[in-house]
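Below is coords_31.tsv, which holds TSV, C-alpha atoms.
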chain	number	residue	atom	x	y	z
A	6	MET	CA	-33.17	25.99	44.65
A	7	GLU	CA	-31.74	27.20	47.90
A	8	THR	CA	-33.73	26.57	51.07
A	9	MET	CA	-33.77	29.84	53.02
A	10	ILE	CA	-33.30	29.80	56.78
A	11	ASP	CA	-36.84	30.57	57.85
A	12	GLY	CA	-39.34	29.95	60.61
A	13	SER	CA	-43.07	29.34	60.53
A	14	LEU	CA	-43.74	32.94	61.61
A	15	ALA	CA	-42.08	36.22	60.78
A	16	MET	CA	-40.55	37.75	63.91
A	17	THR	CA	-39.40	41.27	64.49
A	18	PRO	CA	-35.96	41.87	66.05
A	19	LYS	CA	-37.55	42.95	69.32
A	20	ASP	CA	-39.74	39.80	69.34
A	21	GLU	CA	-36.74	37.63	68.51
A	22	GLN	CA	-34.66	39.05	71.32
A	23	ALA	CA	-37.44	38.53	73.86
A	24	TYR	CA	-38.13	35.00	72.66
A	25	TRP	CA	-34.46	34.08	72.51
A	26	GLU	CA	-33.94	35.34	76.06
A	27	ALA	CA	-37.01	33.36	77.14
A	28	SER	CA	-35.35	30.27	75.60
A	29	PHE	CA	-32.14	31.06	77.48
A	30	TRP	CA	-34.09	31.36	80.73
A	31	GLN	CA	-35.86	28.04	80.14
A	32	ALA	CA	-32.51	26.37	79.45
A	33	MET	CA	-31.21	27.84	82.71
A	34	GLU	CA	-34.18	26.61	84.72
A	35	THR	CA	-33.80	23.07	83.35
A	36	ARG	CA	-29.98	23.19	83.53
A	37	ASP	CA	-29.85	22.14	79.88
A	38	ALA	CA	-26.27	21.03	79.14
A	39	HIS	CA	-27.03	21.15	75.41
A	40	MET	CA	-26.89	24.94	75.66
A	41	ASP	CA	-23.48	25.04	77.35
A	42	GLY	CA	-21.23	27.09	75.10
A	43	VAL	CA	-24.19	28.60	73.22
A	44	PHE	CA	-24.65	31.26	75.87
A	45	PHE	CA	-23.63	32.22	79.40
A	46	PHE	CA	-25.69	33.90	82.09
A	47	ALA	CA	-24.46	36.48	84.56
A	48	VAL	CA	-25.98	37.37	87.93
A	49	VAL	CA	-25.96	41.06	88.75
A	50	SER	CA	-26.34	40.55	92.49
A	51	THR	CA	-23.27	38.28	92.76
A	52	GLY	CA	-21.06	39.48	89.89
A	53	VAL	CA	-20.62	35.88	88.66
A	54	TYR	CA	-21.27	34.31	85.24
A	55	CYS	CA	-22.13	30.64	84.65
A	56	ARG	CA	-22.94	27.92	82.17
A	57	PRO	CA	-26.65	27.06	81.67
A	58	SER	CA	-26.07	23.67	83.33
A	59	CYS	CA	-24.51	25.16	86.47
A	60	PRO	CA	-25.75	23.27	89.57
A	61	SER	CA	-25.95	26.43	91.66
A	62	ARG	CA	-29.26	27.81	92.90
A	63	ARG	CA	-31.19	29.65	90.20
A	64	PRO	CA	-31.21	33.46	90.60
A	65	ARG	CA	-34.19	35.76	90.17
A	66	ARG	CA	-34.95	36.59	86.54
A	67	GLU	CA	-34.51	40.32	87.07
A	68	ASN	CA	-30.93	39.72	88.30
A	69	VAL	CA	-29.87	37.85	85.16
A	70	ILE	CA	-28.33	39.08	81.92
A	71	PHE	CA	-27.18	36.89	79.03
A	72	PHE	CA	-23.98	36.79	76.99
A	73	GLN	CA	-23.21	34.82	73.88
A	74	ARG	CA	-19.52	34.55	74.75
A	75	ARG	CA	-17.59	34.25	77.99
A	76	ASP	CA	-15.17	37.04	77.06
A	77	ALA	CA	-18.11	39.46	76.74
A	78	ALA	CA	-19.23	38.55	80.25
A	79	GLU	CA	-15.72	39.12	81.59
A	80	ARG	CA	-15.39	42.47	79.80
A	81	ALA	CA	-18.63	43.50	81.50
A	82	GLY	CA	-16.96	42.87	84.85
A	83	PHE	CA	-18.30	39.41	85.76
A	84	ARG	CA	-16.03	36.67	87.12
A	85	PRO	CA	-16.36	32.94	86.35
A	86	CYS	CA	-18.39	30.73	88.68
A	87	LEU	CA	-16.29	28.48	90.93
A	88	ARG	CA	-18.78	25.60	90.62
A	89	CYS	CA	-19.37	25.23	86.85
A	90	LYS	CA	-16.04	26.84	85.79
A	91	PRO	CA	-17.36	28.37	82.54
A	92	GLU	CA	-13.88	29.55	81.51
A	93	ARG	CA	-12.78	25.94	80.96
A	94	GLU	CA	-13.45	23.79	77.92
A	95	ARG	CA	-15.65	20.78	78.55
A	96	THR	CA	-16.38	17.57	76.68
A	97	ARG	CA	-19.98	17.67	75.47
A	98	ASP	CA	-22.31	15.50	73.41
A	99	ALA	CA	-22.60	15.71	69.63
A	100	GLN	CA	-25.86	17.68	69.65
A	101	SER	CA	-24.44	20.38	71.92
A	102	GLU	CA	-21.34	20.69	69.77
A	103	LEU	CA	-23.46	20.95	66.61
A	104	VAL	CA	-25.63	23.71	68.09
A	105	GLU	CA	-22.53	25.66	69.14
A	106	LYS	CA	-20.97	25.22	65.67
A	107	ILE	CA	-24.14	26.58	64.05
A	108	CYS	CA	-24.18	29.58	66.40
A	109	ARG	CA	-20.53	30.40	65.85
A	110	TYR	CA	-20.87	30.10	62.05
A	111	LEU	CA	-23.89	32.40	61.95
A	112	GLU	CA	-22.15	34.94	64.19
A	113	GLN	CA	-19.20	35.04	61.76
A	114	HIS	CA	-21.38	35.45	58.65
A	115	LEU	CA	-23.93	38.08	59.67
A	116	ASP	CA	-23.19	40.09	56.52
A	117	GLU	CA	-24.16	37.16	54.29
A	118	ALA	CA	-27.53	35.72	53.24
A	119	VAL	CA	-26.81	32.36	54.83
A	120	THR	CA	-29.13	29.58	53.66
A	121	LEU	CA	-29.97	26.23	55.19
A	122	ASP	CA	-28.44	24.53	52.16
A	123	GLY	CA	-25.20	26.48	52.50
A	124	LEU	CA	-25.07	25.91	56.24
A	125	GLY	CA	-25.77	22.22	55.70
A	126	ARG	CA	-22.95	21.90	53.15
A	127	HIS	CA	-20.54	23.63	55.53
A	128	LEU	CA	-21.40	21.19	58.34
A	129	ASN	CA	-21.97	18.18	56.07
A	130	LEU	CA	-25.58	17.78	57.22
A	131	SER	CA	-28.96	17.80	55.53
A	132	PRO	CA	-30.79	21.14	55.86
A	133	PHE	CA	-33.80	19.39	57.40
A	134	HIS	CA	-31.74	17.63	60.08
A	135	LEU	CA	-29.78	20.80	60.82
A	136	GLN	CA	-32.88	22.95	61.30
A	137	ARG	CA	-34.72	20.31	63.32
A	138	THR	CA	-31.76	19.70	65.64
A	139	PHE	CA	-31.11	23.39	66.22
A	140	LYS	CA	-34.74	24.24	66.90
A	141	ALA	CA	-35.25	21.22	69.16
A	142	ALA	CA	-32.28	22.26	71.29
A	143	THR	CA	-32.85	26.02	71.37
A	144	GLY	CA	-36.54	26.55	70.63
A	145	ILE	CA	-35.77	28.95	67.77
A	146	THR	CA	-34.65	28.74	64.13
A	147	PRO	CA	-31.13	29.47	62.84
A	148	ARG	CA	-32.49	32.48	60.97
A	149	ALA	CA	-34.01	33.92	64.16
A	150	TYR	CA	-30.67	33.46	65.93
A	151	ALA	CA	-28.82	35.25	63.12
A	152	ASP	CA	-31.28	38.16	63.24
A	153	PHE	CA	-30.95	38.33	67.02
A	154	CYS	CA	-27.14	38.50	66.71
A	155	ARG	CA	-27.33	41.15	64.01
A	156	LEU	CA	-29.55	43.40	66.10
A	157	ALA	CA	-27.46	42.79	69.23
A	158	SER	CA	-24.30	43.74	67.32
A	159	PHE	CA	-25.92	46.90	65.98
A	160	LYS	CA	-27.10	47.98	69.43
A	161	SER	CA	-23.66	47.25	70.89
A	162	GLY	CA	-22.02	49.41	68.24
A	163	LEU	CA	-24.32	52.31	69.04
A	164	ARG	CA	-23.64	51.99	72.76
A	165	GLU	CA	-19.91	52.13	72.02
A	166	GLY	CA	-20.42	55.46	70.25
A	167	ARG	CA	-19.98	54.36	66.65
A	168	PRO	CA	-21.91	56.32	63.98
A	169	VAL	CA	-25.23	54.77	63.00
A	170	THR	CA	-24.08	54.02	59.45
A	171	ALA	CA	-20.89	52.30	60.61
A	172	ALA	CA	-22.74	50.33	63.27
A	173	LEU	CA	-25.38	49.05	60.86
A	174	TYR	CA	-22.87	47.86	58.26
A	175	ASP	CA	-20.60	46.35	60.92
A	176	ALA	CA	-23.63	44.42	62.19
A	177	GLY	CA	-24.27	42.93	58.77
A	178	TYR	CA	-27.25	44.98	57.57
A	179	GLY	CA	-27.06	45.32	53.81
A	180	SER	CA	-28.58	48.79	53.66
A	181	SER	CA	-29.71	51.61	55.89
A	182	SER	CA	-33.24	51.46	54.46
A	183	ARG	CA	-33.60	47.85	55.59
A	184	LEU	CA	-32.68	48.82	59.12
A	185	TYR	CA	-34.63	52.06	59.38
A	186	GLU	CA	-37.86	50.63	58.00
A	187	ARG	CA	-37.85	48.06	60.80
A	188	THR	CA	-36.40	49.76	63.84
A	189	ALA	CA	-38.72	52.70	64.43
A	190	SER	CA	-41.39	50.37	65.82
A	191	GLN	CA	-39.26	47.39	66.76
A	192	LEU	CA	-36.51	49.08	68.75
A	193	GLY	CA	-39.16	51.36	70.19
A	194	MET	CA	-37.29	54.36	68.77
A	195	THR	CA	-35.19	55.36	65.77
A	196	PRO	CA	-31.57	54.17	65.64
A	197	THR	CA	-30.33	57.67	66.48
A	198	ALA	CA	-32.62	57.85	69.49
A	199	TYR	CA	-31.52	54.40	70.62
A	200	GLN	CA	-27.90	55.50	70.30
A	201	ARG	CA	-28.70	58.28	72.76
A	202	ARG	CA	-30.18	55.70	75.19
A	203	GLY	CA	-32.90	58.11	76.19
A	204	ALA	CA	-30.73	61.25	76.10
A	205	GLY	CA	-32.94	64.29	76.38
A	206	MET	CA	-35.70	62.30	78.08
A	207	THR	CA	-36.73	62.64	81.70
A	208	ILE	CA	-38.13	59.50	83.26
A	209	ARG	CA	-39.62	59.79	86.71
A	210	TYR	CA	-40.07	56.65	88.74
A	211	ASP	CA	-41.04	55.31	92.10
A	212	VAL	CA	-40.92	51.93	93.83
A	213	ILE	CA	-43.80	50.55	95.86
A	214	ASP	CA	-44.20	47.40	97.92
A	215	THR	CA	-46.80	44.85	96.76
A	216	PRO	CA	-47.87	41.34	97.80
A	217	VAL	CA	-45.63	39.88	95.08
A	218	GLY	CA	-42.53	41.96	95.78
A	219	MET	CA	-41.28	45.42	94.87
A	220	LEU	CA	-42.79	47.18	91.85
A	221	LEU	CA	-41.00	49.94	89.96
A	222	VAL	CA	-43.13	52.21	87.80
A	223	GLY	CA	-41.48	54.72	85.46
A	224	ALA	CA	-43.14	57.34	83.31
A	225	THR	CA	-42.53	60.10	80.81
A	226	GLY	CA	-44.80	63.12	80.58
A	227	ARG	CA	-47.08	61.10	78.27
A	228	GLY	CA	-47.60	58.04	80.43
A	229	ILE	CA	-46.07	54.95	81.98
A	230	CYS	CA	-43.14	53.57	79.98
A	231	THR	CA	-42.01	50.73	82.25
A	232	ILE	CA	-43.33	48.58	85.08
A	233	ARG	CA	-40.91	46.10	86.63
A	234	LEU	CA	-41.27	43.54	89.40
A	235	GLY	CA	-38.41	42.44	91.65
A	236	ASP	CA	-37.14	41.77	95.14
A	237	SER	CA	-35.16	44.92	95.85
A	238	VAL	CA	-35.04	48.59	94.97
A	239	ARG	CA	-31.38	48.21	94.01
A	240	THR	CA	-31.91	45.60	91.30
A	241	LEU	CA	-34.99	47.37	89.94
A	242	GLU	CA	-33.12	50.67	89.66
A	243	TRP	CA	-30.19	48.88	88.01
A	244	GLY	CA	-32.52	47.46	85.36
A	245	LEU	CA	-34.04	50.89	84.73
A	246	ARG	CA	-30.58	52.43	84.29
A	247	GLN	CA	-29.61	49.70	81.83
A	248	GLU	CA	-32.71	50.32	79.73
A	249	PHE	CA	-32.50	54.13	79.78
A	250	ARG	CA	-28.90	54.76	80.71
A	251	ALA	CA	-28.65	58.18	79.03
A	252	ALA	CA	-31.99	59.51	80.23
A	253	GLU	CA	-32.40	61.74	83.24
A	254	LEU	CA	-33.86	59.48	85.92
A	255	GLN	CA	-35.61	61.03	88.90
A	256	ARG	CA	-37.28	59.24	91.77
A	257	ASP	CA	-40.45	61.28	92.17
A	258	ALA	CA	-43.18	59.80	94.37
A	259	LYS	CA	-45.37	62.89	93.99
A	260	PHE	CA	-45.37	62.76	90.18
A	261	LEU	CA	-46.03	59.01	90.14
A	262	GLY	CA	-48.51	59.18	93.02
A	263	PRO	CA	-51.81	58.88	91.11
A	264	TRP	CA	-50.60	56.03	88.90
A	265	ALA	CA	-48.65	54.25	91.64
A	266	GLY	CA	-51.73	54.50	93.84
A	267	LYS	CA	-53.88	52.75	91.23
A	268	LEU	CA	-51.25	50.07	90.78
A	269	SER	CA	-51.07	49.49	94.53
A	270	GLU	CA	-54.88	49.21	94.81
A	271	HIS	CA	-54.88	46.79	91.87
A	272	MET	CA	-52.08	44.65	93.30
A	273	HIS	CA	-53.92	44.40	96.62
A	274	GLY	CA	-57.12	43.25	94.91
A	275	ARG	CA	-59.12	46.39	95.63
A	276	LEU	CA	-59.19	47.73	92.05
A	277	HIS	CA	-60.05	45.14	89.41
A	278	THR	CA	-59.97	47.40	86.34
A	279	LEU	CA	-56.65	49.18	85.86
A	280	ASP	CA	-56.84	52.29	83.69
A	281	VAL	CA	-53.50	54.09	83.37
A	282	PRO	CA	-51.95	55.82	80.31
A	283	VAL	CA	-48.92	54.09	78.79
A	284	ASP	CA	-46.13	55.48	76.61
A	285	ILE	CA	-44.72	52.43	74.84
A	286	GLN	CA	-43.80	51.37	71.32
A	287	ALA	CA	-45.20	48.21	69.75
A	288	THR	CA	-45.24	46.37	66.47
A	289	ALA	CA	-48.65	45.87	64.87
A	290	PHE	CA	-48.73	42.26	66.09
A	291	GLN	CA	-47.67	43.15	69.64
A	292	ARG	CA	-50.35	45.83	69.78
A	293	ARG	CA	-53.05	43.34	68.78
A	294	VAL	CA	-51.90	40.89	71.44
A	295	TRP	CA	-51.52	43.49	74.18
A	296	GLU	CA	-54.90	45.09	73.45
A	297	TYR	CA	-56.56	41.68	73.68
A	298	LEU	CA	-54.80	40.90	76.97
A	299	GLN	CA	-56.36	44.00	78.47
A	300	THR	CA	-59.81	42.52	77.77
A	301	ILE	CA	-59.17	39.33	79.77
A	302	PRO	CA	-61.32	39.67	82.91
A	303	TYR	CA	-59.69	40.06	86.30
A	304	GLY	CA	-59.13	36.60	87.79
A	305	ALA	CA	-59.50	34.82	84.43
A	306	THR	CA	-56.89	33.26	82.16
A	307	ARG	CA	-56.50	32.40	78.49
A	308	SER	CA	-54.10	30.01	76.81
A	309	TYR	CA	-51.56	31.19	74.25
A	310	GLY	CA	-53.56	29.32	71.62
A	311	GLU	CA	-56.81	30.99	72.67
A	312	VAL	CA	-55.20	34.41	72.39
A	313	ALA	CA	-53.88	33.54	68.93
A	314	LYS	CA	-57.37	32.51	67.79
A	315	ALA	CA	-58.94	35.61	69.32
A	316	ILE	CA	-56.69	37.92	67.28
A	317	ARG	CA	-57.36	35.78	64.17
A	318	LYS	CA	-53.86	34.33	64.01
A	319	PRO	CA	-54.62	30.71	65.03
A	320	ARG	CA	-51.13	29.43	64.20
A	321	ALA	CA	-49.36	32.22	66.06
A	322	ALA	CA	-49.33	30.80	69.61
A	323	ARG	CA	-45.53	31.05	69.81
A	324	ALA	CA	-45.58	34.60	68.54
A	325	VAL	CA	-48.17	35.40	71.21
A	326	ALA	CA	-45.75	34.00	73.81
A	327	ARG	CA	-42.99	36.25	72.45
A	328	ALA	CA	-45.28	39.28	72.62
A	329	CYS	CA	-46.05	38.45	76.25
A	330	ALA	CA	-42.35	38.10	77.03
A	331	SER	CA	-41.60	41.53	75.52
A	332	ASN	CA	-44.34	43.35	77.44
A	333	PRO	CA	-42.65	46.43	79.02
A	334	VAL	CA	-45.43	47.27	81.48
A	335	ALA	CA	-46.16	44.31	83.75
A	336	VAL	CA	-49.67	44.21	85.24
A	337	ALA	CA	-50.90	47.19	83.18
A	338	ILE	CA	-50.83	44.79	80.24
A	339	PRO	CA	-51.74	41.58	82.12
A	340	CYS	CA	-49.55	39.05	80.34
A	341	HIS	CA	-49.59	36.98	83.57
A	342	ARG	CA	-53.15	35.96	82.62
A	343	VAL	CA	-51.89	33.95	79.65
A	344	VAL	CA	-51.06	30.33	80.49
A	345	ARG	CA	-50.16	27.13	78.70
A	346	GLY	CA	-52.79	25.05	76.94
A	347	ASP	CA	-52.43	22.24	79.48
A	348	GLY	CA	-53.34	24.61	82.30
A	349	GLU	CA	-49.79	24.97	83.64
A	350	THR	CA	-48.70	28.49	84.46
A	351	GLY	CA	-45.94	28.74	81.87
A	352	GLY	CA	-43.14	31.25	81.80
A	353	TYR	CA	-43.12	34.83	83.04
A	354	ARG	CA	-40.47	37.49	82.68
A	355	TRP	CA	-40.62	38.27	86.40
A	356	GLY	CA	-40.62	34.66	87.58
A	357	ALA	CA	-43.07	31.75	87.41
A	358	ALA	CA	-43.63	31.81	91.19
A	359	ARG	CA	-44.63	35.47	91.02
A	360	LYS	CA	-47.02	34.68	88.15
A	361	ARG	CA	-48.69	31.90	90.15
A	362	LYS	CA	-49.12	34.23	93.11
A	363	LEU	CA	-50.61	36.98	90.96
A	364	LEU	CA	-53.16	34.58	89.49
A	365	ALA	CA	-54.04	33.15	92.91
A	366	MET	CA	-54.52	36.66	94.32
A	367	GLU	CA	-56.80	37.67	91.47
A	368	ARG	CA	-58.90	34.51	91.77
A	369	ALA	CA	-59.27	35.04	95.52
A	370	ALA	CA	-60.10	38.75	95.22
A	371	GLY	CA	-62.55	38.18	92.39
A	372	ALA	CA	-64.39	35.33	94.08

Produce structure tokens that represent the structure in this file.
Amino acid sequence: METMIDGSLAMTPKDEQAYWEASFWQAMETRDAHMDGVFFFAVVSTGVYCRPSCPSRRPRRENVIFFQRRDAAERAGFRPCLRCKPERERTRDAQSELVEKICRYLEQHLDEAVTLDGLGRHLNLSPFHLQRTFKAATGITPRAYADFCRLASFKSGLREGRPVTAALYDAGYGSSSRLYERTASQLGMTPTAYQRRGAGMTIRYDVIDTPVGMLLVGATGRGICTIRLGDSVRTLEWGLRQEFRAAELQRDAKFLGPWAGKLSEHMHGRLHTLDVPVDIQATAFQRRVWEYLQTIPYGATRSYGEVAKAIRKPRAARAVARACASNPVAVAIPCHRVVRGDGETGGYRWGAARKRKLLAMERAAGA
């Protein structure tokens, strides 16, 4: 019997992408040479792309985008780093080479139901050793990586203007029903709407200054659709354009005034309960996590494991972490109040230092 490439928890494409990017970021922060060749990171503010092990100073999270291949980074207009020289081949250890081989094989067989047994035979390894090595190095299963690549390929095809049907088959989806039944909630919109990248939508936004940096809040007529934290208006606006590049974007302080005002009061510790309407899409699991996060008292924290138990999914601590990483409205859904079981702060999409400061501010204001 074939052993299917599987993880302990089912993950949606949106969850997988968020978790995989969180793994990339962790590898960057630790300068993990095992991930060299598996991915490259590019820095928007400098126009340079690097290896994960690059010795250069780590950039802000909001300035970083990830690429699976160096040629994709170069096509996007980034130039190779002069310190780590990512365009050159480099001798690496056996584990790093194995992880890269697995990634490349999966990328080339997205239209096939690749199994651990088949992958093991191709690489002359036991399925158990292969899965364990890959997950230990990357923090995710081979199946999750294949699903991430499939979704990324599909989204890339849509952005390039290919018809939905052609893009889904090119990405390796076996049928349109398989894609459509998943994407309405997991892409946050239907494939056709995603192809339009927000075309026909008007998103009004404003940027305010807070004790932890600049905060961009964007909203449709139904509520807030994005809240981003960063160090400059330029990088925040760039991120908004990337997310909704076909939408009509308008900076409108008057429209955002009531909501931005509440956010400002909250960020300065003068408003402990934040009640603003949101216009976001979520999977059923994400919704359960996010709704619970909104019940965590101001100034308090919960561990990922405690959140998992509270939503009656005691084995889903990692999935909880992925849901936190994919939260589109920072602060409004207080994912910064979820920490590691050992009491350490843990990761945060907008930077661990910013998370620590947020928690310290809340504790001080709530004392």

Give me the residues near Gln299 (chain A) as a short mmCIF file (atom, residue, chain, number, x, y, z; two decimals) with C-alpha atoms, in the frame of the given file, where near means some atom within 9 Å (using only C-alpha atoms) and where sequence neighbours in that chain fewer than 5 positions away do not count.
data_model
loop_
_atom_site.label_atom_id
_atom_site.label_comp_id
_atom_site.auth_asym_id
_atom_site.auth_seq_id
_atom_site.Cartn_x
_atom_site.Cartn_y
_atom_site.Cartn_z
CA VAL A 294 -51.90 40.89 71.44
CA ALA A 337 -50.90 47.19 83.18
CA ILE A 338 -50.83 44.79 80.24
CA PRO A 339 -51.74 41.58 82.12
CA CYS A 340 -49.55 39.05 80.34
#

Enclose all atoms of region 323-332 of chain A listed in the file in an axis-aligned box, grow every side by 8 Å, and hand back centre and edge lengths in Å to one decimal, as lines of an AutoDock Vina configuration file.
center_x = -44.9
center_y = 37.2
center_z = 73.0
size_x = 22.6
size_y = 28.3
size_z = 24.9

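Between Leu220 (chain A) and the candidates A:Ala330, A:Val336, A:Ala252, A:Val119, the tightest atom-to-atom separation, counting all atoms listed in the file, involves A:Val336.
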
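Note that CA of Leu135 (chain A) and CA of Leu111 (chain A) are 13.1 Å apart.
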
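The nearest approach to Ala369 (chain A) among the residues A:Arg36, A:His277, A:Arg354, A:Arg227, with only C-alpha atoms taken into account, belongs to A:His277.
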
With distances taken over only C-alpha atoms, which residue among A:Arg275, A:Asp76, A:Arg368, A:Asp280 lies nearest Pro263 (chain A)? A:Asp280

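Our summary of the geometry notes that CA of His39 (chain A) is positioned 23.0 Å from CA of Arg155 (chain A).
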
Residues near Arg320 (chain A), anyone? I mean within 12 Å using only C-alpha atoms, not counting same-chain ones fewer than 2 positions away, as a PDB file with C-alpha atoms, in the frame of the given file.
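Once everything was written out, this is part.pdb:
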ATOM      1  CA  SER A  13     -43.070  29.340  60.530  1.00  0.00           C
ATOM      2  CA  LEU A  14     -43.740  32.940  61.610  1.00  0.00           C
ATOM      3  CA  ALA A  15     -42.080  36.220  60.780  1.00  0.00           C
ATOM      4  CA  TYR A 309     -51.560  31.190  74.250  1.00  0.00           C
ATOM      5  CA  GLY A 310     -53.560  29.320  71.620  1.00  0.00           C
ATOM      6  CA  GLU A 311     -56.810  30.990  72.670  1.00  0.00           C
ATOM      7  CA  VAL A 312     -55.200  34.410  72.390  1.00  0.00           C
ATOM      8  CA  ALA A 313     -53.880  33.540  68.930  1.00  0.00           C
ATOM      9  CA  LYS A 314     -57.370  32.510  67.790  1.00  0.00           C
ATOM     10  CA  ALA A 315     -58.940  35.610  69.320  1.00  0.00           C
ATOM     11  CA  ILE A 316     -56.690  37.920  67.280  1.00  0.00           C
ATOM     12  CA  ARG A 317     -57.360  35.780  64.170  1.00  0.00           C
ATOM     13  CA  LYS A 318     -53.860  34.330  64.010  1.00  0.00           C
ATOM     14  CA  ALA A 322     -49.330  30.800  69.610  1.00  0.00           C
ATOM     15  CA  ARG A 323     -45.530  31.050  69.810  1.00  0.00           C
ATOM     16  CA  ALA A 324     -45.580  34.600  68.540  1.00  0.00           C
ATOM     17  CA  VAL A 325     -48.170  35.400  71.210  1.00  0.00           C
ATOM     18  CA  ALA A 326     -45.750  34.000  73.810  1.00  0.00           C
TER      19      ALA A 326
END

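You will find CA of Asp347 (chain A) at 15.3 Å from CA of Ala305 (chain A).
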
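Proximity ranking of A:Ser101, A:Glu367, A:Trp30, A:Glu79 relative to Gly274 (chain A) places A:Glu367 first, based on all atoms listed in the file.
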
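Nearest residue to Gly223 (chain A) among A:Ala335, A:Ala287, A:Arg293, A:Ser158 is A:Ala335, counting only C-alpha atoms.
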
Show me the residues close to (-58.7, 42.5, 85.6) - anything with an atom within 6 Å, counting only C-alpha atoms - and format the list as a PyMOL selection string. chain A and resi 277-278+302-303

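Proximity to Met219 (chain A) was assessed for A:Glu67, A:Glu253, A:Arg62, A:Glu105 counting all atoms listed in the file; the smallest distance is recorded for A:Glu67.
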
What lies within 12 Å of Trp264 (chain A) using all atoms listed in the file, ignoring chain neighbours under 3 positions off, as a VMD selection string? chain A and resid 209 to 213 221 to 224 228 to 230 232 257 to 261 267 to 271 279 to 283 337

Residue neighbourhood Gly244 (chain A), 9 Å, all atoms listed in the file, exclusion window fewer than 4 positions, as number ranges by chain: A: 67-68, 233, 239-240, 248-249
